[in-house]
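Okay, so here's the structure we're looking at.
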Amino acid sequence: MSSALDRLLAPFLGEKLVRSMPTSQPPKFQPKDEKSAKVEGGLSFAFRFIRQDRAALAGMIIIALFLGWALVEGIMQQIATLPGDRHYAWLLLPSNPLTLNLGNSLTPPTLKSLNFIFGANYYGQSVLSELLYAAPHDAIAATLVVGSAILIGNFVGIPAGYYGGWVDEALMRFTDAFLAFPFLVLAIALTVILGNGFSVVLVVLVIIWWPTYARYFRAQTLALKNRGFVEASKLNGLSSWRVMFRHILPNAIDPIIAQATLDFGTVILTYSTLAFLGVGLQVGVPEWGEMTADGLTYLQTAWWWALIPGAVIITIVVAFTLIGDRIQDLVGGRINY
């Protein structure tokens with residue numbers, strides 16, 4: 001049909017001009033594969049998020065380095081618990097953080113030696129080695145405490161909000177009994193009663209941490225239990241527990257995850273505060289808070305002993321706060337990259 005039109009217009013427009021005119025046939029459209037389009041969308045969202053929020057990028061890098069090292073060093077310390085393999089605990093460290101060497105007492109920070117890049121304490125132990133050796137305890141404390149608090153708060157808060165009535169009153173009054181005391185005072189009191197040790201500190205932190213998550217889950221349940229999908233689940237004959245943990249829990253977990261990310265840094269800060277106060281310490285095992293407390297005596301002559309561990313604690317806490325704050329903004333719809 002196009003050739004017939006060319007012959008008709010050729011006497012008036014000329015043969016060359018007719019050949020140069022675009023045809024009316026639209027270009028062929030080749031749709032992309034749906035799966036690849038979804039992957040590209042997810043990757044592009046992540047790249048836009050990282051590119052446009054440098055603070056979040058810095059926080060993610062710091063957290064990745066911290067958790068990565070804590071995992072590696074934690075595995076090495078577990079291997080060191082086997083008979084005859086104690087040296088594995090400091091195999092990746094510049095020096096043994098548990099060995100005293102008074103000849104290096106209060107060595108100032110220097111770039112000439114990796115072992116003393118952060119200086120040494122009064123006993124000649126490398127501050128860098130002690131920091132790296134203590135990292136797994138802080139990572140384990142944050143992970144176990146926050147995870148256990150979410151689990152306990154889930155089984156307390158969701159039934160309280162879903163059933164209401166006397167169930168809500170009983171569970172929430174029990175929760176309020178823990179929230180009535182300042183958490184640090186309650187932690188110190190429980191540690192004095194239960195004794196010292198890393199496992200004791202973990203139990204104490206879990207006890208004082210779960211009531212907050214019970215409140216969060218209850219609030220989310222109250223906002224969701226009258227929604228249409230919950231009512232439809234009831235009409236389909238699902239039991240109350242299936243409705244709560246199959247339909248309400250998945251829809252309530254997003255803001256909880258955002259809060260949990262913030263709490264990772266808060267748990268590390270609280271754990272370091274207890275170590276700073278000398279509560280629940282394990283003899284012979286360095287802790288960031290304990291290092292800061294010990295260095296205060298020599299603050300004027302050996303500032304690095306106290307300030308560098310304190311700076312590490314602040315850096316890790318701020319990194320978790322940055323990521324948690326961004327996740328809260330994304331969940332709440334305040335930012336959309």
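Every chain in the structure tokens has a letter given in the order shown (A, B, ...), and although residue numbers restart at 1 in each chain, ligands are simply numbered from 1 in the order shown.
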
Legend entry - Long-range neighbours of Ala223 of chain A as a PyMOL selection string, 10 Å cut-off, only C-alpha atoms, 5 positions minimum in chain: chain A and resi 161-162+217-218+248+252

Based on the selection just made, write C-alpha atoms of those residues as an mmCIF file, in the first residue's frame.
```cif
data_model
loop_
_atom_site.group_PDB
_atom_site.id
_atom_site.type_symbol
_atom_site.label_atom_id
_atom_site.label_comp_id
_atom_site.auth_asym_id
_atom_site.auth_seq_id
_atom_site.Cartn_x
_atom_site.Cartn_y
_atom_site.Cartn_z
ATOM 1 C CA GLY A 161 -3.988 -5.637 71.919
ATOM 2 C CA TYR A 162 -6.042 -8.278 70.125
ATOM 3 C CA PHE A 217 3.365 -4.625 69.405
ATOM 4 C CA ARG A 218 0.231 -3.764 71.379
ATOM 5 C CA ILE A 248 -1.361 -9.041 62.193
ATOM 6 C CA ALA A 252 3.077 -4.861 62.307
#
```

Listing only residues of segment 79-159 of chain A within 12 Å of segment 58-75 of chain A, what is the closest atom pair and its distance in Å (to one decimal) for each, using only C-alpha atoms, sorted by chain and residue number ascending, as a Markdown table?
```
| residue | atom | partner | partner_atom | distance |
| --- | --- | --- | --- | --- |
| A:Ile79 | CA | A:Ile75 | CA | 6.3 |
| A:Ala80 | CA | A:Ile75 | CA | 8.6 |
| A:Thr81 | CA | A:Ile75 | CA | 10.1 |
| A:Leu82 | CA | A:Ile75 | CA | 11.8 |
| A:Tyr88 | CA | A:Glu73 | CA | 9.2 |
| A:Ala89 | CA | A:Glu73 | CA | 7.3 |
| A:Trp90 | CA | A:Glu73 | CA | 8.3 |
| A:Leu91 | CA | A:Glu73 | CA | 9.2 |
| A:Leu92 | CA | A:Glu73 | CA | 7.8 |
| A:Leu93 | CA | A:Glu73 | CA | 9.0 |
| A:Ser129 | CA | A:Glu73 | CA | 11.3 |
| A:Glu130 | CA | A:Glu73 | CA | 11.9 |
| A:Leu131 | CA | A:Ala70 | CA | 10.7 |
| A:Leu132 | CA | A:Glu73 | CA | 7.8 |
| A:Tyr133 | CA | A:Glu73 | CA | 7.1 |
| A:Ala134 | CA | A:Ala70 | CA | 8.6 |
| A:Ala135 | CA | A:Ala70 | CA | 5.4 |
| A:Pro136 | CA | A:Ala70 | CA | 4.3 |
| A:His137 | CA | A:Ala70 | CA | 8.0 |
| A:Asp138 | CA | A:Ala70 | CA | 8.4 |
| A:Ala139 | CA | A:Ala70 | CA | 6.4 |
| A:Ile140 | CA | A:Ala70 | CA | 8.3 |
| A:Ala141 | CA | A:Ala70 | CA | 11.3 |
| A:Ala142 | CA | A:Leu67 | CA | 10.6 |
| A:Thr143 | CA | A:Leu67 | CA | 10.2 |
```

Take the residues from that selection and write them out as a CSV table (one decimal), in the first residue's frame, keeping C-alpha atoms.
```
chain,number,residue,atom,x,y,z
A,79,ILE,CA,37.9,-22.1,68.5
A,80,ALA,CA,40.2,-21.0,71.3
A,81,THR,CA,37.9,-22.6,73.9
A,82,LEU,CA,39.0,-26.0,72.6
A,88,TYR,CA,43.5,-18.7,68.2
A,89,ALA,CA,41.7,-16.0,70.2
A,90,TRP,CA,44.3,-13.4,69.3
A,91,LEU,CA,45.7,-15.0,66.2
A,92,LEU,CA,44.3,-12.1,64.0
A,93,LEU,CA,45.2,-9.4,66.5
A,129,SER,CA,44.1,-5.3,70.4
A,130,GLU,CA,41.8,-4.9,73.3
A,131,LEU,CA,39.2,-3.0,71.2
A,132,LEU,CA,39.2,-5.8,68.6
A,133,TYR,CA,39.1,-8.5,71.2
A,134,ALA,CA,36.1,-7.0,73.0
A,135,ALA,CA,34.0,-6.4,69.8
A,136,PRO,CA,32.2,-9.8,69.7
A,137,HIS,CA,30.8,-9.3,73.1
A,138,ASP,CA,29.1,-6.0,72.1
A,139,ALA,CA,27.8,-7.5,68.9
A,140,ILE,CA,26.4,-10.6,70.6
A,141,ALA,CA,24.8,-8.5,73.4
A,142,ALA,CA,23.0,-6.3,70.9
A,143,THR,CA,21.8,-9.2,68.7
```

Legend entry - segment 24-229 of chain A: residues DSSP assigns to alpha helix (DSSP H), reported as JSON, numbers by chain: {"A": [34, 35, 36, 37, 38, 39, 40, 41, 42, 43, 44, 45, 46, 47, 48, 49, 50, 51, 52, 54, 55, 56, 57, 58, 59, 60, 61, 62, 63, 64, 65, 66, 67, 68, 69, 70, 71, 72, 73, 74, 75, 76, 77, 78, 79, 127, 128, 129, 130, 131, 132, 133, 134, 135, 136, 137, 138, 139, 140, 141, 142, 143, 144, 145, 146, 147, 148, 149, 150, 151, 152, 153, 154, 155, 156, 157, 158, 159, 160, 161, 162, 163, 165, 166, 167, 168, 169, 170, 171, 172, 173, 174, 175, 176, 177, 178, 179, 183, 184, 185, 186, 187, 188, 189, 190, 191, 192, 193, 194, 198, 199, 200, 201, 202, 203, 204, 205, 206, 207, 208, 209, 210, 211, 212, 213, 214, 215, 216, 217, 218, 219, 220, 221, 222, 223, 224, 228, 229]}

Residue selection dump (C-alpha atoms) as a short mmCIF file (atom, residue, chain, number, x, y, z; two decimals), in the first residue's frame:
```cif
data_model
loop_
_atom_site.label_atom_id
_atom_site.label_comp_id
_atom_site.auth_asym_id
_atom_site.auth_seq_id
_atom_site.Cartn_x
_atom_site.Cartn_y
_atom_site.Cartn_z
CA GLU A 34 9.14 -8.80 33.95
CA LYS A 35 11.57 -10.52 36.30
CA SER A 36 14.56 -8.50 35.06
CA ALA A 37 12.50 -5.30 35.31
CA LYS A 38 11.74 -6.01 38.95
CA VAL A 39 15.39 -6.72 39.72
CA GLU A 40 16.50 -3.53 38.01
CA GLY A 41 13.93 -1.57 39.97
CA GLY A 42 15.15 -2.99 43.29
CA LEU A 43 18.80 -2.38 42.46
CA SER A 44 18.13 1.13 41.21
CA PHE A 45 16.24 1.90 44.41
CA ALA A 46 19.19 0.71 46.52
CA PHE A 47 21.68 2.69 44.44
CA ARG A 48 19.54 5.85 44.67
CA PHE A 49 19.21 5.38 48.42
CA ILE A 50 22.97 5.05 48.91
CA ARG A 51 23.88 7.79 46.45
CA GLN A 52 21.49 10.39 47.85
CA ARG A 54 25.77 9.80 52.36
CA ALA A 55 25.11 9.56 56.11
CA ALA A 56 23.28 6.27 55.63
CA LEU A 57 26.12 5.01 53.44
CA ALA A 58 28.69 5.87 56.11
CA GLY A 59 26.57 4.19 58.77
CA MET A 60 26.16 1.01 56.71
CA ILE A 61 29.91 0.79 56.07
CA ILE A 62 30.72 1.20 59.77
CA ILE A 63 28.10 -1.36 60.82
CA ALA A 64 29.25 -3.85 58.16
CA LEU A 65 32.87 -3.56 59.33
CA PHE A 66 31.88 -3.87 62.98
CA LEU A 67 29.58 -6.89 62.53
CA GLY A 68 31.94 -8.57 60.05
CA TRP A 69 34.90 -8.31 62.39
CA ALA A 70 32.81 -9.35 65.40
CA LEU A 71 31.72 -12.49 63.55
CA VAL A 72 35.27 -13.45 62.55
CA GLU A 73 36.82 -12.73 65.93
CA GLY A 74 33.92 -14.42 67.72
CA ILE A 75 34.52 -17.61 65.73
CA MET A 76 38.23 -17.46 66.56
CA GLN A 77 37.45 -17.06 70.26
CA GLN A 78 35.12 -20.05 70.14
CA ILE A 79 37.86 -22.12 68.52
CA VAL A 127 44.51 -0.52 73.03
CA LEU A 128 43.78 -1.61 69.45
CA SER A 129 44.08 -5.30 70.35
CA GLU A 130 41.79 -4.86 73.34
CA LEU A 131 39.20 -3.04 71.22
CA LEU A 132 39.21 -5.75 68.57
CA TYR A 133 39.11 -8.53 71.17
CA ALA A 134 36.09 -7.01 72.95
CA ALA A 135 34.03 -6.37 69.79
CA PRO A 136 32.25 -9.80 69.67
CA HIS A 137 30.77 -9.31 73.14
CA ASP A 138 29.13 -6.03 72.13
CA ALA A 139 27.77 -7.49 68.87
CA ILE A 140 26.42 -10.60 70.62
CA ALA A 141 24.84 -8.49 73.37
CA ALA A 142 23.04 -6.25 70.86
CA THR A 143 21.83 -9.16 68.70
CA LEU A 144 20.60 -11.44 71.49
CA VAL A 145 19.03 -8.71 73.60
CA VAL A 146 17.11 -7.08 70.76
CA GLY A 147 16.09 -10.42 69.24
CA SER A 148 14.88 -11.81 72.56
CA ALA A 149 13.04 -8.57 73.38
CA ILE A 150 11.19 -8.72 70.04
CA LEU A 151 10.25 -12.37 70.61
CA ILE A 152 8.96 -11.81 74.16
CA GLY A 153 7.28 -8.51 73.29
CA ASN A 154 5.55 -10.20 70.37
CA PHE A 155 3.92 -12.89 72.55
CA VAL A 156 2.88 -10.32 75.17
CA GLY A 157 1.88 -7.26 73.16
CA ILE A 158 -0.11 -8.82 70.30
CA PRO A 159 -2.51 -10.89 72.49
CA ALA A 160 -2.96 -7.87 74.80
CA GLY A 161 -3.99 -5.64 71.92
CA TYR A 162 -6.04 -8.28 70.13
CA TYR A 163 -8.14 -9.59 73.01
CA GLY A 165 -10.36 -6.49 78.31
CA TRP A 166 -8.90 -8.28 81.29
CA VAL A 167 -6.19 -9.92 79.15
CA ASP A 168 -4.93 -6.50 78.11
CA GLU A 169 -5.09 -5.19 81.68
CA ALA A 170 -3.22 -8.15 83.17
CA LEU A 171 -0.45 -8.21 80.57
CA MET A 172 0.06 -4.44 80.46
CA ARG A 173 0.09 -4.01 84.22
CA PHE A 174 2.74 -6.73 84.38
CA THR A 175 4.68 -4.85 81.71
CA ASP A 176 4.29 -1.54 83.55
CA ALA A 177 5.86 -3.09 86.63
CA PHE A 178 9.16 -3.35 84.72
CA LEU A 179 8.79 0.06 83.09
CA PHE A 183 16.26 0.68 83.25
CA LEU A 184 19.84 1.34 84.33
CA VAL A 185 18.93 1.20 88.03
CA LEU A 186 16.99 -2.01 87.45
CA ALA A 187 19.92 -3.50 85.51
CA ILE A 188 22.37 -2.73 88.30
CA ALA A 189 20.02 -4.16 90.93
CA LEU A 190 19.43 -7.38 88.99
CA THR A 191 23.14 -7.81 88.29
CA VAL A 192 23.96 -7.44 91.98
CA ILE A 193 21.37 -10.12 92.77
CA LEU A 194 22.28 -12.57 89.97
CA PHE A 198 28.63 -11.96 80.45
CA SER A 199 25.65 -14.35 80.40
CA VAL A 200 24.21 -12.69 83.51
CA VAL A 201 24.42 -9.26 81.87
CA LEU A 202 22.62 -10.61 78.80
CA VAL A 203 19.78 -12.00 80.92
CA VAL A 204 19.48 -8.70 82.79
CA LEU A 205 19.36 -6.67 79.58
CA VAL A 206 16.68 -8.95 78.10
CA ILE A 207 14.58 -8.55 81.27
CA ILE A 208 14.66 -4.76 81.08
CA TRP A 209 14.30 -4.55 77.28
CA TRP A 210 11.24 -6.62 76.36
CA PRO A 211 8.54 -4.36 77.97
CA THR A 212 9.18 -1.61 75.43
CA TYR A 213 8.58 -4.01 72.53
CA ALA A 214 5.44 -5.35 74.21
CA ARG A 215 4.09 -1.80 74.12
CA TYR A 216 5.07 -1.39 70.46
CA PHE A 217 3.36 -4.63 69.41
CA ARG A 218 0.23 -3.76 71.38
CA ALA A 219 -0.03 -0.36 69.68
CA GLN A 220 0.40 -1.90 66.23
CA THR A 221 -2.20 -4.57 67.00
CA LEU A 222 -4.75 -1.98 68.12
CA ALA A 223 -4.27 -0.16 64.82
CA LEU A 224 -4.64 -3.32 62.71
CA GLY A 228 -10.64 -5.43 56.55
CA PHE A 229 -8.13 -8.24 56.02
#
```

Segment 261-306 of chain A residues near segment 109-116 of chain A within 12 Å, closest pair each, using only C-alpha atoms, as a Markdown table:
```
| residue | atom | partner | partner_atom | distance |
| --- | --- | --- | --- | --- |
| A:Ala302 | CA | A:Pro109 | CA | 9.6 |
| A:Trp303 | CA | A:Pro109 | CA | 10.0 |
| A:Trp304 | CA | A:Pro109 | CA | 7.4 |
| A:Trp305 | CA | A:Pro109 | CA | 9.7 |
```

Okay, now the selection with N, CA and C atoms, as an mmCIF file, in the first residue's frame?
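File produced: part.cif:
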```
data_model
loop_
_atom_site.group_PDB
_atom_site.id
_atom_site.type_symbol
_atom_site.label_atom_id
_atom_site.label_comp_id
_atom_site.auth_asym_id
_atom_site.auth_seq_id
_atom_site.Cartn_x
_atom_site.Cartn_y
_atom_site.Cartn_z
ATOM 1 N N ALA A 302 47.755 10.118 79.671
ATOM 2 C CA ALA A 302 47.537 9.102 78.623
ATOM 3 C C ALA A 302 46.089 9.199 78.155
ATOM 4 N N TRP A 303 45.779 10.270 77.428
ATOM 5 C CA TRP A 303 44.404 10.545 77.006
ATOM 6 C C TRP A 303 43.827 9.445 76.118
ATOM 7 N N TRP A 304 44.693 8.777 75.351
ATOM 8 C CA TRP A 304 44.221 7.775 74.391
ATOM 9 C C TRP A 304 43.581 6.566 75.053
ATOM 10 N N TRP A 305 43.988 6.264 76.270
ATOM 11 C CA TRP A 305 43.482 5.079 76.949
ATOM 12 C C TRP A 305 41.977 5.179 77.194
#
```

Inset, instruction - To one decimal in Å, tell me the separation between atom CA of Pro94 of chain A and atom CA of Leu274 of chain A. - result: 27.2 Å

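Restricting the calculation to only C-alpha atoms, the smallest distance between Asn96 of chain A and any of A:Leu322, A:Val285, A:Leu330, A:Met291 is found for A:Val285.
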
Inset, instruction - List the neighbours of Glu231 of chain A out to 12 Å using only C-alpha atoms; skip same-chain residues closer than 5 positions along the sequence, and give me the result as a ChimeraX atom specification. - result: /A:224-226,236-240,243-244,247-248

Just-selected residues, C-alpha atoms written as a JSON list (two decimals), in the first residue's frame:
```json
[["chain", "number", "residue", "atom", "x", "y", "z"],
["A", 224, "LEU", "CA", -4.64, -3.32, 62.71],
["A", 225, "LYS", "CA", -7.18, -5.59, 64.42],
["A", 226, "ASN", "CA", -10.21, -3.83, 62.92],
["A", 236, "ASN", "CA", -12.97, -17.55, 57.03],
["A", 237, "GLY", "CA", -12.92, -19.39, 60.35],
["A", 238, "LEU", "CA", -9.26, -18.89, 61.27],
["A", 239, "SER", "CA", -8.40, -19.21, 64.94],
["A", 240, "SER", "CA", -7.39, -16.16, 66.95],
["A", 243, "VAL", "CA", -5.08, -14.34, 62.82],
["A", 244, "MET", "CA", -2.63, -12.73, 65.23],
["A", 247, "HIS", "CA", -1.96, -11.66, 59.48],
["A", 248, "ILE", "CA", -1.36, -9.04, 62.19]]
```

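Our summary of the geometry notes that atom CA of Glu287 of chain A is positioned 6.6 Å from atom CA of Ala275 of chain A.
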
Inset, instruction - Can you work out which one of A:Gly280, A:Pro309, A:Pro250, A:Gly119 has the shortest atom-to-atom distance to Gly195 of chain A, counting only C-alpha atoms? - result: A:Gly280

If we count only C-alpha atoms, what is near segment 260-263 of chain A at a cut-off of 8 Å, once residues fewer than 5 positions away on the same chain are taken out, given as a PDB file with C-alpha atoms, in the first residue's frame?
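The file below, result.pdb, is the result:
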```
ATOM      1  CA  ALA A 142      23.037  -6.255  70.862  1.00  0.00           C
ATOM      2  CA  VAL A 146      17.107  -7.076  70.759  1.00  0.00           C
ATOM      3  CA  PHE A 320      23.153   2.339  64.148  1.00  0.00           C
ATOM      4  CA  THR A 321      21.177   5.498  64.916  1.00  0.00           C
ATOM      5  CA  ILE A 323      20.465   3.575  59.785  1.00  0.00           C
ATOM      6  CA  GLY A 324      17.566   3.184  62.188  1.00  0.00           C
ATOM      7  CA  ASP A 325      16.454   6.757  61.611  1.00  0.00           C
TER       8      ASP A 325
END
```

Inset, instruction - Have a look at atom CA of Gln282 of chain A and atom CA of Pro83 of chain A and let me know their distance in Å, one decimal. - result: 20.6 Å
